[in-house]
Amino acid sequence: MSPASREEARAAEAATGTSQALRFALELEFVMALANPRYLHHLAANKYFDDPAFVAYLAYLRYWEAPAYAKFLHYPHALYFLDQLQRPEFRRAMENPRAVEHVFSQQFFFWQTFRTNQLALQQQQQQQQQQLGP
């Protein structure tokens with residue numbers, strides 16, 4: 001780490017009162033929680049999405065989309081929902097329990113069929129390669 005980076009890290013720690021490592025862990029946990037549509041409903045129902053500072057924080061968290069950070073995420077849907085939360089209409093929709101359950105069921109069906117669909121796609125590609133020959 002360069003001296004300038006160390007000074008920046010110290011300044012950030014002084015401003016937030018939190019070490020960089022702890023801040024990373026907290027933001028990682030929060031971003032991963034965004035993969036849960038029912039948690040998004042909780043945030044919407046408690047009017048977090050009405051707070052411009054919170055919406056700005058969601059925009060700030062988009063740095064997690066960079067591969068250097070995304071590799072730490074266990075729940076890739078978190079990035080999809082983080083992107084959707086940039087849209088006011090999606091934030092409003094998360095207030096509606098029926099919309100939340102629809103999103104939740106679509107997420108479930110995606111994960112339920114993802115592995116099967118990937119295997120079928122791989123088999124199809126292998127068959128096409130065999131038909132084309134060497």
# chains A, B, ... in the order shown; residues from 1 in each chain; ligands from 1

$ residues_around --residues "Val100 of chain A" --least-positions-apart "3" --cutoff "10 Å" --atoms "only C-alpha atoms" --output "NGL selection string"
:A and (36-41 or 93-97 or 103-106)

$ write_last_selection --atoms "N, CA, C and O atoms" --output "CSV table (one decimal), in the first residue's frame"
chain,number,residue,atom,x,y,z
A,36,ASN,N,-32.5,-11.0,-1.0
A,36,ASN,CA,-33.7,-11.5,-0.4
A,36,ASN,C,-34.8,-10.5,-0.6
A,36,ASN,O,-34.9,-9.5,0.0
A,37,PRO,N,-35.8,-10.9,-1.5
A,37,PRO,CA,-36.9,-10.0,-1.8
A,37,PRO,C,-37.7,-9.6,-0.6
A,37,PRO,O,-38.2,-8.5,-0.5
A,38,ARG,N,-37.8,-10.5,0.4
A,38,ARG,CA,-38.5,-10.2,1.6
A,38,ARG,C,-37.8,-9.2,2.5
A,38,ARG,O,-38.4,-8.4,3.2
A,39,TYR,N,-36.5,-9.1,2.4
A,39,TYR,CA,-35.7,-8.1,3.1
A,39,TYR,C,-36.0,-6.8,2.4
A,39,TYR,O,-36.1,-5.7,3.0
A,40,LEU,N,-36.0,-6.8,1.1
A,40,LEU,CA,-36.3,-5.6,0.3
A,40,LEU,C,-37.7,-5.0,0.7
A,40,LEU,O,-37.9,-3.8,0.8
A,41,HIS,N,-38.6,-5.9,0.9
A,41,HIS,CA,-40.0,-5.5,1.3
A,41,HIS,C,-39.9,-4.8,2.7
A,41,HIS,O,-40.5,-3.8,3.0
A,93,ALA,N,-42.5,-0.8,-5.9
A,93,ALA,CA,-43.1,-2.1,-6.1
A,93,ALA,C,-42.8,-3.0,-4.9
A,93,ALA,O,-43.6,-3.9,-4.5
A,94,MET,N,-41.6,-2.8,-4.3
A,94,MET,CA,-41.3,-3.7,-3.1
A,94,MET,C,-42.1,-3.4,-1.9
A,94,MET,O,-42.0,-4.1,-0.9
A,95,GLU,N,-42.9,-2.3,-1.9
A,95,GLU,CA,-43.8,-2.1,-0.8
A,95,GLU,C,-45.0,-3.0,-0.9
A,95,GLU,O,-45.7,-3.3,0.1
A,96,ASN,N,-45.3,-3.5,-2.0
A,96,ASN,CA,-46.5,-4.4,-2.3
A,96,ASN,C,-46.2,-5.8,-2.0
A,96,ASN,O,-45.4,-6.4,-2.7
A,97,PRO,N,-46.8,-6.4,-0.9
A,97,PRO,CA,-46.5,-7.8,-0.6
A,97,PRO,C,-46.7,-8.8,-1.7
A,97,PRO,O,-45.9,-9.8,-1.9
A,103,VAL,N,-41.8,-11.7,-7.1
A,103,VAL,CA,-40.3,-11.7,-7.3
A,103,VAL,C,-39.7,-12.9,-6.6
A,103,VAL,O,-38.8,-13.5,-7.2
A,104,PHE,N,-40.1,-13.1,-5.4
A,104,PHE,CA,-39.5,-14.3,-4.6
A,104,PHE,C,-39.7,-15.6,-5.3
A,104,PHE,O,-38.8,-16.4,-5.5
A,105,SER,N,-41.0,-15.8,-5.8
A,105,SER,CA,-41.2,-17.1,-6.5
A,105,SER,C,-40.4,-17.2,-7.8
A,105,SER,O,-39.9,-18.2,-8.2
A,106,GLN,N,-40.3,-16.1,-8.6
A,106,GLN,CA,-39.5,-16.1,-9.8
A,106,GLN,C,-38.1,-16.4,-9.5
A,106,GLN,O,-37.4,-17.1,-10.2

$ residues_around --residues "segment 68-73 of chain A" --least-positions-apart "6" --cutoff "9 Å" --atoms "only C-alpha atoms" --output "JSON, numbers by chain"
{"A": [28, 29, 31, 32, 79]}

$ write_last_selection --atoms "N, CA, C and O atoms" --output "PDB file, in the first residue's frame"
ATOM      1  N   LEU A  28     -20.388  -5.894   2.609  1.00  0.00           N
ATOM      2  CA  LEU A  28     -20.576  -7.187   1.952  1.00  0.00           C
ATOM      3  C   LEU A  28     -21.837  -7.870   2.477  1.00  0.00           C
ATOM      4  O   LEU A  28     -22.669  -8.343   1.703  1.00  0.00           O
ATOM      5  N   GLU A  29     -21.990  -7.900   3.778  1.00  0.00           N
ATOM      6  CA  GLU A  29     -23.172  -8.535   4.374  1.00  0.00           C
ATOM      7  C   GLU A  29     -24.453  -7.824   3.943  1.00  0.00           C
ATOM      8  O   GLU A  29     -25.452  -8.470   3.611  1.00  0.00           O
ATOM      9  N   VAL A  31     -24.965  -5.973   1.174  1.00  0.00           N
ATOM     10  CA  VAL A  31     -25.221  -6.206  -0.255  1.00  0.00           C
ATOM     11  C   VAL A  31     -25.779  -7.611  -0.458  1.00  0.00           C
ATOM     12  O   VAL A  31     -26.731  -7.803  -1.222  1.00  0.00           O
ATOM     13  N   MET A  32     -25.232  -8.598   0.237  1.00  0.00           N
ATOM     14  CA  MET A  32     -25.750  -9.960   0.088  1.00  0.00           C
ATOM     15  C   MET A  32     -27.184 -10.064   0.599  1.00  0.00           C
ATOM     16  O   MET A  32     -27.989 -10.818   0.046  1.00  0.00           O
ATOM     17  N   LEU A  79     -26.627  -8.561  -6.820  1.00  0.00           N
ATOM     18  CA  LEU A  79     -26.235  -7.529  -7.790  1.00  0.00           C
ATOM     19  C   LEU A  79     -27.401  -7.156  -8.690  1.00  0.00           C
ATOM     20  O   LEU A  79     -27.558  -5.984  -9.054  1.00  0.00           O
TER      21      LEU A  79
END

$ select_by_dssp --residues "chain A" --states "helix (DSSP H, G or I)" --output "VMD selection string"
chain A and resid 3 to 16 20 to 33 37 to 45 48 to 50 52 to 65 67 to 70 77 to 84 88 to 93 97 to 132

$ atom_distance --atom1 "atom CA of Pro52 of chain A" --atom2 "atom CA of Gln86 of chain A"
11.6 Å

$ atom_distance --atom1 "atom CA of Trp64 of chain A" --atom2 "atom CA of Leu82 of chain A"
9.2 Å

$ residues_around --residues "Tyr57 of chain A" --least-positions-apart "4" --cutoff "12 Å" --atoms "only C-alpha atoms" --output "VMD selection string"
chain A and resid 27 30 to 31 48 to 49 51 to 53 61 to 63 82 85 to 86

$ write_last_selection --atoms "all heavy atoms" --output "short mmCIF file (atom, residue, chain, number, x, y, z; two decimals), in the first residue's frame"
data_model
loop_
_atom_site.label_atom_id
_atom_site.label_comp_id
_atom_site.auth_asym_id
_atom_site.auth_seq_id
_atom_site.Cartn_x
_atom_site.Cartn_y
_atom_site.Cartn_z
N GLU A 27 -20.47 -3.95 4.58
CA GLU A 27 -21.07 -3.65 3.27
C GLU A 27 -21.31 -4.94 2.49
O GLU A 27 -22.32 -5.07 1.81
CB GLU A 27 -20.20 -2.67 2.49
CG GLU A 27 -20.26 -1.27 3.08
CD GLU A 27 -19.44 -0.24 2.33
OE1 GLU A 27 -18.75 -0.59 1.36
OE2 GLU A 27 -19.50 0.94 2.74
N PHE A 30 -24.44 -6.50 3.92
CA PHE A 30 -25.62 -5.75 3.51
C PHE A 30 -25.96 -6.02 2.05
O PHE A 30 -27.13 -6.27 1.71
CB PHE A 30 -25.45 -4.26 3.75
CG PHE A 30 -26.64 -3.46 3.31
CD1 PHE A 30 -27.82 -3.49 4.03
CD2 PHE A 30 -26.58 -2.69 2.16
CE1 PHE A 30 -28.93 -2.76 3.62
CE2 PHE A 30 -27.68 -1.97 1.73
CZ PHE A 30 -28.86 -2.01 2.46
N VAL A 31 -24.97 -5.97 1.17
CA VAL A 31 -25.22 -6.21 -0.25
C VAL A 31 -25.78 -7.61 -0.46
O VAL A 31 -26.73 -7.80 -1.22
CB VAL A 31 -23.95 -5.96 -1.10
CG1 VAL A 31 -24.14 -6.44 -2.53
CG2 VAL A 31 -23.59 -4.48 -1.09
N TYR A 48 -37.33 3.09 4.18
CA TYR A 48 -35.91 3.37 3.93
C TYR A 48 -35.71 3.92 2.51
O TYR A 48 -34.86 4.77 2.29
CB TYR A 48 -35.06 2.11 4.12
CG TYR A 48 -34.82 1.75 5.56
CD1 TYR A 48 -35.69 0.90 6.23
CD2 TYR A 48 -33.74 2.27 6.26
CE1 TYR A 48 -35.48 0.56 7.56
CE2 TYR A 48 -33.52 1.94 7.58
CZ TYR A 48 -34.39 1.08 8.22
OH TYR A 48 -34.18 0.76 9.53
N PHE A 49 -36.50 3.42 1.57
CA PHE A 49 -36.35 3.85 0.18
C PHE A 49 -36.84 5.28 -0.05
O PHE A 49 -36.62 5.84 -1.12
CB PHE A 49 -37.05 2.89 -0.77
CG PHE A 49 -36.48 1.49 -0.75
CD1 PHE A 49 -37.30 0.40 -0.95
CD2 PHE A 49 -35.13 1.26 -0.53
CE1 PHE A 49 -36.80 -0.89 -0.95
CE2 PHE A 49 -34.61 -0.03 -0.52
CZ PHE A 49 -35.45 -1.11 -0.73
N ASP A 51 -35.82 7.72 1.87
CA ASP A 51 -34.72 8.55 2.37
C ASP A 51 -33.68 8.75 1.26
O ASP A 51 -33.04 7.79 0.84
CB ASP A 51 -34.08 7.86 3.58
CG ASP A 51 -32.94 8.65 4.20
OD1 ASP A 51 -32.59 9.73 3.67
OD2 ASP A 51 -32.39 8.17 5.21
N PRO A 52 -33.50 9.98 0.77
CA PRO A 52 -32.53 10.23 -0.30
C PRO A 52 -31.10 9.79 0.07
O PRO A 52 -30.36 9.33 -0.80
CB PRO A 52 -32.59 11.74 -0.51
CG PRO A 52 -33.91 12.16 0.04
CD PRO A 52 -34.23 11.20 1.15
N ALA A 53 -30.74 9.87 1.34
CA ALA A 53 -29.40 9.43 1.75
C ALA A 53 -29.26 7.92 1.59
O ALA A 53 -28.21 7.43 1.17
CB ALA A 53 -29.13 9.84 3.20
N LEU A 61 -23.08 1.72 -3.43
CA LEU A 61 -22.75 0.29 -3.32
C LEU A 61 -22.59 -0.40 -4.66
O LEU A 61 -22.17 -1.56 -4.71
CB LEU A 61 -23.83 -0.42 -2.49
CG LEU A 61 -23.84 -0.10 -1.01
CD1 LEU A 61 -25.05 -0.73 -0.34
CD2 LEU A 61 -22.55 -0.55 -0.35
N ARG A 62 -22.84 0.29 -5.74
CA ARG A 62 -22.70 -0.33 -7.06
C ARG A 62 -21.26 -0.72 -7.37
O ARG A 62 -21.02 -1.47 -8.30
CB ARG A 62 -23.27 0.58 -8.14
CG ARG A 62 -24.78 0.72 -7.92
CD ARG A 62 -25.50 1.25 -9.05
NE ARG A 62 -25.55 0.22 -10.10
CZ ARG A 62 -26.06 0.44 -11.28
NH1 ARG A 62 -26.57 1.60 -11.56
NH2 ARG A 62 -26.09 -0.51 -12.18
N TYR A 63 -20.32 -0.26 -6.57
CA TYR A 63 -18.93 -0.68 -6.79
C TYR A 63 -18.79 -2.20 -6.61
O TYR A 63 -17.84 -2.80 -7.11
CB TYR A 63 -17.95 0.08 -5.90
CG TYR A 63 -17.92 -0.33 -4.44
CD1 TYR A 63 -17.11 -1.37 -4.02
CD2 TYR A 63 -18.69 0.32 -3.48
CE1 TYR A 63 -17.07 -1.76 -2.68
CE2 TYR A 63 -18.65 -0.04 -2.15
CZ TYR A 63 -17.84 -1.09 -1.76
OH TYR A 63 -17.80 -1.46 -0.44
N LEU A 82 -29.58 -5.00 -6.53
CA LEU A 82 -28.93 -3.71 -6.32
C LEU A 82 -29.13 -2.82 -7.54
O LEU A 82 -29.43 -1.62 -7.41
CB LEU A 82 -27.44 -3.90 -6.03
CG LEU A 82 -26.63 -2.63 -5.77
CD1 LEU A 82 -27.15 -1.86 -4.57
CD2 LEU A 82 -25.16 -2.99 -5.57
N LEU A 85 -32.77 -1.68 -7.65
CA LEU A 85 -33.08 -0.68 -6.62
C LEU A 85 -32.69 0.74 -7.03
O LEU A 85 -33.07 1.70 -6.37
CB LEU A 85 -32.40 -1.05 -5.29
CG LEU A 85 -33.04 -2.22 -4.57
CD1 LEU A 85 -32.14 -2.69 -3.43
CD2 LEU A 85 -34.43 -1.85 -4.07
N GLN A 86 -31.98 0.88 -8.13
CA GLN A 86 -31.66 2.21 -8.63
C GLN A 86 -32.90 2.84 -9.28
O GLN A 86 -32.95 4.05 -9.49
CB GLN A 86 -30.51 2.15 -9.65
CG GLN A 86 -29.26 1.44 -9.15
CD GLN A 86 -28.72 1.98 -7.86
OE1 GLN A 86 -28.53 3.18 -7.70
NE2 GLN A 86 -28.47 1.10 -6.91
#

$ residues_around --residues "Arg87 of chain A" --least-positions-apart "3" --cutoff "12 Å" --atoms "only C-alpha atoms" --output "PyMOL selection string"
chain A and resi 49+55-56+58-59+80-84+90-94

$ atom_distance --atom1 "atom CA of Glu8 of chain A" --atom2 "atom CA of Ala33 of chain A"
28.2 Å

$ decode --residues "segment 17-34 of chain A" --atoms "C-alpha atoms" --output "compact mmCIF listing (two decimals), in the first residue's frame"
# COMPACT_ATOMS: atom_id res chain seq x y z
CA GLY A 17 -15.04 5.37 13.08
CA THR A 18 -14.79 1.97 11.43
CA SER A 19 -11.75 0.10 10.14
CA GLN A 20 -11.60 -0.59 6.42
CA ALA A 21 -11.80 -4.35 7.07
CA LEU A 22 -14.93 -4.00 9.20
CA ARG A 23 -16.52 -1.62 6.70
CA PHE A 24 -15.83 -4.11 3.90
CA ALA A 25 -17.44 -6.92 5.92
CA LEU A 26 -20.49 -4.83 6.83
CA GLU A 27 -21.07 -3.65 3.27
CA LEU A 28 -20.58 -7.19 1.95
CA GLU A 29 -23.17 -8.54 4.37
CA PHE A 30 -25.62 -5.75 3.51
CA VAL A 31 -25.22 -6.21 -0.25
CA MET A 32 -25.75 -9.96 0.09
CA ALA A 33 -28.91 -9.31 2.13
CA LEU A 34 -30.31 -7.46 -0.90
